[in-house]
Structures are given as structure tokens and as C-alpha cells.
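Dropping coords-v3.pdb in here (PDB, C-alpha atoms):
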ATOM      1  CA  MET M1491     -11.135  47.031  -5.589
ATOM      2  CA  ALA M1492      -8.487  45.849  -8.059
ATOM      3  CA  LYS M1493      -9.203  43.044 -10.509
ATOM      4  CA  VAL M1494      -6.456  40.902  -8.983
ATOM      5  CA  GLU M1495      -8.141  41.081  -5.575
ATOM      6  CA  LEU M1496     -11.422  39.918  -7.101
ATOM      7  CA  LYS M1497      -9.791  37.010  -8.919
ATOM      8  CA  GLN M1498      -7.667  35.757  -6.016
ATOM      9  CA  PRO M1499     -10.578  34.092  -4.124
ATOM     10  CA  VAL M1500     -11.574  32.190  -7.287
ATOM     11  CA  VAL M1501      -7.998  30.955  -7.789
ATOM     12  CA  GLU M1502      -7.881  29.899  -4.107
ATOM     13  CA  GLU M1503     -11.207  28.064  -4.514
ATOM     14  CA  ILE M1504      -9.857  26.111  -7.487
ATOM     15  CA  SER M1505      -6.599  25.406  -5.655
ATOM     16  CA  ALA M1506      -8.537  24.082  -2.664
ATOM     17  CA  ALA M1507     -10.683  21.904  -4.938
ATOM     18  CA  ILE M1508      -7.704  20.284  -6.661
ATOM     19  CA  ASP M1509      -5.561  19.945  -3.530
ATOM     20  CA  GLY M1510      -5.354  16.225  -2.751
ATOM     21  CA  ALA M1511      -7.550  15.289  -5.716
ATOM     22  CA  GLN M1512      -7.379  11.713  -7.004
ATOM     23  CA  SER M1513      -8.552  12.871 -10.419
ATOM     24  CA  ALA M1514      -9.621  15.992 -12.283
ATOM     25  CA  ILE M1515     -11.197  16.121 -15.722
ATOM     26  CA  LEU M1516     -11.830  19.052 -18.048
ATOM     27  CA  VAL M1517     -14.934  19.040 -20.233
ATOM     28  CA  ASP M1518     -16.506  21.331 -22.792
ATOM     29  CA  TYR M1519     -20.172  21.587 -21.859
ATOM     30  CA  ARG M1520     -21.351  23.719 -24.815
ATOM     31  CA  GLY M1521     -24.590  22.522 -26.319
ATOM     32  CA  LEU M1522     -25.943  20.729 -23.265
ATOM     33  CA  THR M1523     -29.528  21.533 -22.415
ATOM     34  CA  VAL M1524     -30.398  22.763 -18.947
ATOM     35  CA  GLN M1525     -32.020  19.412 -18.226
ATOM     36  CA  GLN M1526     -28.895  17.505 -19.324
ATOM     37  CA  ASP M1527     -26.622  19.785 -17.312
ATOM     38  CA  THR M1528     -28.792  19.361 -14.225
ATOM     39  CA  GLU M1529     -28.803  15.579 -14.642
ATOM     40  CA  LEU M1530     -25.012  15.501 -15.090
ATOM     41  CA  ARG M1531     -24.428  17.643 -12.014
ATOM     42  CA  LYS M1532     -26.734  15.406  -9.974
ATOM     43  CA  LYS M1533     -24.890  12.217 -11.005
ATOM     44  CA  LEU M1534     -21.520  13.773 -10.233
ATOM     45  CA  ARG M1535     -22.703  15.131  -6.876
ATOM     46  CA  GLU M1536     -24.084  11.694  -5.874
ATOM     47  CA  ALA M1537     -20.668  10.183  -6.594
ATOM     48  CA  GLY M1538     -18.900  12.816  -4.474
ATOM     49  CA  VAL M1539     -17.446  14.631  -7.475
ATOM     50  CA  SER M1540     -17.335  18.421  -7.491
ATOM     51  CA  TYR M1541     -18.175  20.000 -10.841
ATOM     52  CA  LYS M1542     -17.917  23.655 -11.613
ATOM     53  CA  VAL M1543     -17.360  26.022 -14.528
ATOM     54  CA  TYR M1544     -14.349  28.318 -14.159
ATOM     55  CA  LYS M1545     -12.587  30.779 -16.391
ATOM     56  CA  ASN M1546      -9.581  29.275 -18.122
ATOM     57  CA  THR M1547      -7.201  31.973 -16.870
ATOM     58  CA  MET M1548      -8.250  31.286 -13.272
ATOM     59  CA  MET M1549      -7.614  27.565 -13.755
ATOM     60  CA  ARG M1550      -4.196  28.273 -15.306
ATOM     61  CA  PHE M1551      -3.168  30.245 -12.215
ATOM     62  CA  ALA M1552      -4.476  27.527  -9.885
ATOM     63  CA  PHE M1553      -2.849  24.700 -11.882
ATOM     64  CA  LYS M1554       0.664  26.235 -11.750
ATOM     65  CA  GLY M1555       3.030  23.995  -9.823
ATOM     66  CA  THR M1556       0.575  21.082  -9.620
ATOM     67  CA  ASP M1557       0.022  17.857 -11.555
ATOM     68  CA  LEU M1558      -2.762  19.619 -13.446
ATOM     69  CA  GLU M1559      -0.320  22.048 -15.055
ATOM     70  CA  GLY M1560      -0.143  19.585 -17.960
ATOM     71  CA  LEU M1561      -3.733  20.517 -18.847
ATOM     72  CA  ASP M1562      -2.854  24.121 -19.826
ATOM     73  CA  ASP M1563      -3.019  23.276 -23.547
ATOM     74  CA  LEU M1564      -6.626  22.107 -23.121
ATOM     75  CA  LEU M1565      -7.786  25.348 -21.529
ATOM     76  CA  ASN M1566      -9.448  26.922 -24.547
ATOM     77  CA  GLY M1567     -13.136  27.515 -25.018
ATOM     78  CA  PRO M1568     -15.644  26.979 -22.228
ATOM     79  CA  SER M1569     -14.317  24.563 -19.618
ATOM     80  CA  ALA M1570     -15.814  22.850 -16.609
ATOM     81  CA  LEU M1571     -13.744  20.994 -14.051
ATOM     82  CA  ALA M1572     -14.852  17.724 -12.417
ATOM     83  CA  VAL M1573     -12.753  16.796  -9.369
ATOM     84  CA  SER M1574     -12.829  13.760  -7.105
ATOM     85  CA  LYS M1575     -10.809  13.433  -3.935
ATOM     86  CA  ASP M1576     -12.051   9.928  -3.066
ATOM     87  CA  ASP M1577     -12.556   7.798  -6.178
ATOM     88  CA  ALA M1578     -10.063   8.289  -9.001
ATOM     89  CA  THR M1579     -12.310   6.632 -11.567
ATOM     90  CA  ALA M1580     -15.651   8.264 -10.686
ATOM     91  CA  PRO M1581     -15.390  11.439 -12.818
ATOM     92  CA  ALA M1582     -14.170   9.538 -15.881
ATOM     93  CA  ARG M1583     -16.781   6.811 -15.456
ATOM     94  CA  ILE M1584     -19.700   9.226 -15.036
ATOM     95  CA  LEU M1585     -18.616  11.693 -17.729
ATOM     96  CA  CYS M1586     -17.877   8.988 -20.325
ATOM     97  CA  GLU M1587     -21.186   7.267 -19.630
ATOM     98  CA  PHE M1588     -23.065  10.570 -19.817
ATOM     99  CA  ALA M1589     -21.276  11.582 -23.026
ATOM    100  CA  LYS M1590     -22.692   8.474 -24.746
ATOM    101  CA  GLY M1591     -26.194   9.930 -24.391
ATOM    102  CA  ALA M1592     -25.265  13.590 -24.728
ATOM    103  CA  ASP M1593     -23.052  13.912 -27.772
ATOM    104  CA  LYS M1594     -22.521  17.645 -27.114
ATOM    105  CA  LEU M1595     -20.470  16.915 -23.982
ATOM    106  CA  GLU M1596     -16.806  16.830 -24.987
ATOM    107  CA  ILE M1597     -14.183  15.430 -22.659
ATOM    108  CA  LYS M1598     -10.968  17.364 -23.180
ATOM    109  CA  GLY M1599      -8.572  15.478 -20.914
ATOM    110  CA  GLY M1600      -7.646  15.097 -17.300
ATOM    111  CA  VAL M1601      -5.287  13.983 -14.605
ATOM    112  CA  VAL M1602      -5.776  10.665 -12.823
ATOM    113  CA  GLU M1603      -3.571   9.961  -9.806
ATOM    114  CA  GLY M1604      -0.961  12.461 -10.968
ATOM    115  CA  LYS M1605      -0.802  11.304 -14.595
ATOM    116  CA  VAL M1606      -2.029  13.532 -17.423
ATOM    117  CA  CYS M1607      -4.456  11.547 -19.587
ATOM    118  CA  ASP M1608      -5.946  12.192 -22.990
ATOM    119  CA  VAL M1609      -9.514  11.271 -23.936
ATOM    120  CA  ASN M1610      -8.633   7.693 -24.968
ATOM    121  CA  GLU M1611      -6.880   7.030 -21.671
ATOM    122  CA  LEU M1612      -9.842   8.459 -19.757
ATOM    123  CA  VAL M1613     -12.175   6.092 -21.629
ATOM    124  CA  GLU M1614     -10.005   3.201 -20.415
ATOM    125  CA  VAL M1615     -10.057   4.579 -16.851
ATOM    126  CA  ALA M1616     -13.842   4.772 -17.089
ATOM    127  CA  LYS M1617     -13.955   1.009 -17.657
ATOM    128  CA  VAL M1618     -12.436   0.355 -14.223
ATOM    129  CA  PRO M1619     -15.200  -0.566 -11.759
ATOM    130  CA  SER M1620     -15.866   1.627  -8.748
ATOM    131  CA  ARG M1621     -14.079   0.985  -5.465
ATOM    132  CA  GLU M1622     -17.270  -0.388  -3.908
ATOM    133  CA  GLU M1623     -17.756  -2.836  -6.782
ATOM    134  CA  LEU M1624     -14.135  -4.012  -6.570
ATOM    135  CA  LEU M1625     -14.438  -4.523  -2.811
ATOM    136  CA  GLY M1626     -17.663  -6.468  -3.346
ATOM    137  CA  ARG M1627     -15.907  -8.748  -5.818
ATOM    138  CA  LEU M1628     -12.987  -9.243  -3.429
ATOM    139  CA  PHE M1629     -15.211 -10.105  -0.477
ATOM    140  CA  GLY M1630     -17.295 -12.359  -2.705
ATOM    141  CA  SER M1631     -14.191 -14.293  -3.724
ATOM    142  CA  TRP M1632     -13.204 -14.642  -0.057
ATOM    143  CA  GLN M1633     -16.702 -15.749   0.886
ATOM    144  CA  SER M1634     -16.957 -18.464  -1.777
ATOM    145  CA  PRO M1635     -14.522 -21.004  -0.231
ATOM    146  CA  ILE M1636     -15.918 -20.379   3.239
ATOM    147  CA  ALA M1637     -19.481 -20.878   2.012
ATOM    148  CA  SER M1638     -18.491 -24.112   0.231
ATOM    149  CA  PHE M1639     -16.828 -25.420   3.397
ATOM    150  CA  ALA M1640     -19.899 -24.507   5.428
ATOM    151  CA  ARG M1641     -22.177 -26.410   2.996
ATOM    152  CA  VAL M1642     -19.993 -29.531   3.265
ATOM    153  CA  ILE M1643     -20.024 -29.377   7.066
ATOM    154  CA  LYS M1644     -23.793 -28.892   7.034
ATOM    155  CA  GLN M1645     -24.272 -31.920   4.770
ATOM    156  CA  ILE M1646     -22.124 -34.057   7.042
ATOM    157  CA  ALA M1647     -24.086 -32.868  10.074
ATOM    158  CA  GLU M1648     -27.400 -33.611   8.328
ATOM    159  CA  LYS M1649     -26.286 -37.177   7.614
ATOM    160  CA  GLY M1650     -25.532 -37.522  11.294
ATOM    161  CA  GLY M1651     -21.810 -37.614  10.742
ATOM    162  CA  GLU M1652     -22.040 -41.370   9.975
ATOM    163  CA  ALA M1653     -19.386 -41.545   7.271
ATOM    164  CA  ALA M1654     -16.614 -39.729   9.047
ATOM    165  CA  PRO M1655     -16.712 -41.633  12.413
ATOM    166  CA  ALA M1656     -17.071 -45.072  10.736
ATOM    167  CA  GLU M1657     -13.994 -44.522   8.580
ATOM    168  CA  THR M1658     -11.890 -43.224  11.446
ATOM    169  CA  ALA M1659     -13.010 -46.057  13.745
ATOM    170  CA  GLU M1660     -11.918 -48.772  11.285
ATOM    171  CA  ALA M1661      -8.508 -47.310  10.512
ATOM    172  CA  PRO M1662      -7.176 -47.131  14.089
ATOM    173  CA  ALA M1663      -8.477 -50.648  14.880
ATOM    174  CA  GLU M1664      -6.528 -52.177  12.018
ATOM    175  CA  ALA M1665      -3.343 -50.257  12.629
ATOM    176  CA  PRO M1666      -2.615 -51.554  16.165
ATOM    177  CA  ALA M1667      -3.234 -55.179  15.111
ATOM    178  CA  GLU M1668      -0.794 -54.848  12.239
ATOM    179  CA  ALA M1669       1.750 -53.150  14.485
ATOM    180  CA  ALA M1670       1.434 -55.947  17.059
ATOM    181  CA  ALA M1671       1.911 -58.622  14.400
ATOM    182  CA  GLU M1672       5.036 -56.941  13.039
ATOM    183  CA  ALA M1673       6.624 -56.278  16.426
ATOM    184  CA  PRO M1674       7.209 -59.973  17.479
ATOM    185  CA  ALA M1675       8.587 -60.880  14.068
ATOM    186  CA  GLU M1676      11.336 -58.282  14.378
ATOM    187  CA  ALA M1677      12.311 -59.377  17.867
TER     188      ALA M1677
END
What does the file become when written as C-alpha cells?
Amino acid sequence: MAKVELKQPVVEEISAAIDGAQSAILVDYRGLTVQQDTELRKKLREAGVSYKVYKNTMMRFAFKGTDLEGLDDLLNGPSALAVSKDDATAPARILCEFAKGADKLEIKGGVVEGKVCDVNELVEVAKVPSREELLGRLFGSWQSPIASFARVIKQIAEKGGEAAPAETAEAPAEAPAEAAAEAPAEA
């Protein structure tokens, strides 16, 4: 079997992994212990991020004609590719957090939503909360006014609704008397 025929399935695997990806990040994993590598893979897997080591030449072939083609300059030395199709910030967030404790992990660069990013930009992307956290904040902000309104209604109901009916009963009683007094004067 020719070498090209052996390499083609690997290139197709990479192409399938990056097809429709929200983000893809290249890292240099040299120096990580087996325990650290296992822990990193577990965190990425739990977040729905695929992480795999590929040969640079295979990635170059797969990246041609895609947004990731801008990463060709970073394909030197050992490279692993972390790809997320669901959450654009997950790979950056997990890898940057992990790199704080494992100084041997080097983030080379990546592509987030079609834009090639350097390490500094990926650190900024990592600061963006996850989709679930953002949705929680949004729903919390929607819930706050509703909860406040519900507390006010509950307090009125607990008081027996005395204040609201007394005020409304006095206002209509005064208004017709004033209207009747003004009506004859105009006539």
C-alpha cells in the first residue's frame, strides 16, 4: 500500500473533526506527565472538546482551504489539536486554566469562530464565561423583577389587601361629588 493511501484516512479524520468547528486550538504538549495528560484529556472530553495528537503534515493537508489554514506557521514541533463544535470558548478556557498549573503546556494559537487568534487573544477568549453560565445570568436577570413583583403581591395578600381597597374606595367617592358640584355651576 502506498504512503499516500495510508495518510489519506488521517487527513479525512482531521477534516471531519474541524468541519463545522466553533474553535480549534493548537498546543505543544511536550513535558506533560502521563497523569497531567490524562487529566487534561478528561477535562476536555467532559466539555465536549475533542483532543488528539496529529502529525503536522497531516494537519497542513487538512487545514488547506479552511479557516485553520492561518495556523500553518504554528505547525512545528509536537502539536495536539483541541476542537469544539459546540462551545467556542471551551477549549481556550480549559487549556488556559490547565496551563496555569502545568507550565509545560504551551498554547501555540488557534481559530475561534473563523478568526485566527494568537496566545494573548486566546487568553482573553478564555475569560468569557461558558454558554451555560451566560444563560444562567440572563435567566437570573429576567427572574429578578418577576420575583420582586411576586414578593410585593404576597405582602399585600398577607396584609389582607387592606391598603389597596381603602385607597381606591376613597378616590372614586370624592370624584363624583366634585363632578356634581362643578356641573351645576357651569350650567
Identify all residues satisfying the PyMOL selection byres ((chain M and resi 1554-1562) around 8) in the given file; provide them as a PyMOL selection string.
chain M and resi 1514+1550-1553+1563-1565+1599-1601+1604-1606
Find the residue from M:Val1500, M:Val1524, M:Ala1582, M:Val1615 that sits nearest to Val1543 in chain M; use only C-alpha atoms when measuring.
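Using only C-alpha atoms, Val1543 in chain M sits closest to M:Val1500.
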Each side padded by 8 Å, which centre and which edge lengths in Å (one decimal) define the axis-aligned box around the listed atoms of range 1634-1652 of chain M? Give them as lines of an AutoDock Vina configuration file.
center_x = -21.0
center_y = -29.9
center_z = 4.8
size_x = 28.9
size_y = 38.9
size_z = 29.1
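Minimum atom-to-atom distances from M:Val1539, M:Leu1595, M:Ile1643, M:Leu1612 to Asp1576 in chain M were compared using all atoms listed in the file, and the lowest value belongs to M:Val1539.
Relative to CA of Ala1511 in chain M, CA of Ser1620 in chain M is found at 16.3 Å.
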With the file shown as input, list the residues that the PyMOL selection byres ((chain M and resi 1566-1573) around 8) selects, as a list of chain:residue names.
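Applying the PyMOL selection byres ((chain M and resi 1566-1573) around 8) to the structure shown produces M:Ala1507, M:Ile1508, M:Ala1511, M:Gln1512, M:Ser1513, M:Ala1514, M:Ile1515, M:Leu1516, M:Val1517, M:Asp1518, M:Tyr1519, M:Arg1520, M:Val1539, M:Ser1540, M:Tyr1541, M:Lys1542, M:Val1543, M:Tyr1544, M:Lys1545, M:Asn1546, M:Asp1563, M:Leu1564, M:Leu1565, M:Ser1574, M:Lys1575, M:Pro1581.
Here the PyMOL selection byres ((chain M and resi 1621-1633) around 12) catches exactly these residues: Ala1537, Asp1576, Asp1577, Ala1578, Thr1579, Ala1580, Arg1583, Val1618, Pro1619, Ser1620, Ser1634, Pro1635, Ile1636, Ala1637, Ser1638, Phe1639 and Ala1640 of chain M.
Distances to Val1609 in chain M were evaluated for M:Glu1596, M:Glu1495, M:Asp1509, M:Asp1527 using only C-alpha atoms, and the minimum falls at M:Glu1596.
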What is the CA of Glu1502 in chain M-CA of Cys1586 in chain M distance in Å, reported with one decimal?
28.3 Å
What is the CA of Thr1523 in chain M to CA of Lys1598 in chain M distance in Å?
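Between these atoms lies a distance of 19.0 Å.
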Of the candidates M:Ile1597, M:Leu1496, M:Phe1588, M:Cys1607, which shows the shortest atom-to-atom distance to Thr1528 in chain M, using all atoms listed in the file?
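Checking each of M:Ile1597, M:Leu1496, M:Phe1588, M:Cys1607 against Thr1528 in chain M, counting all atoms listed in the file, the winner is M:Phe1588.
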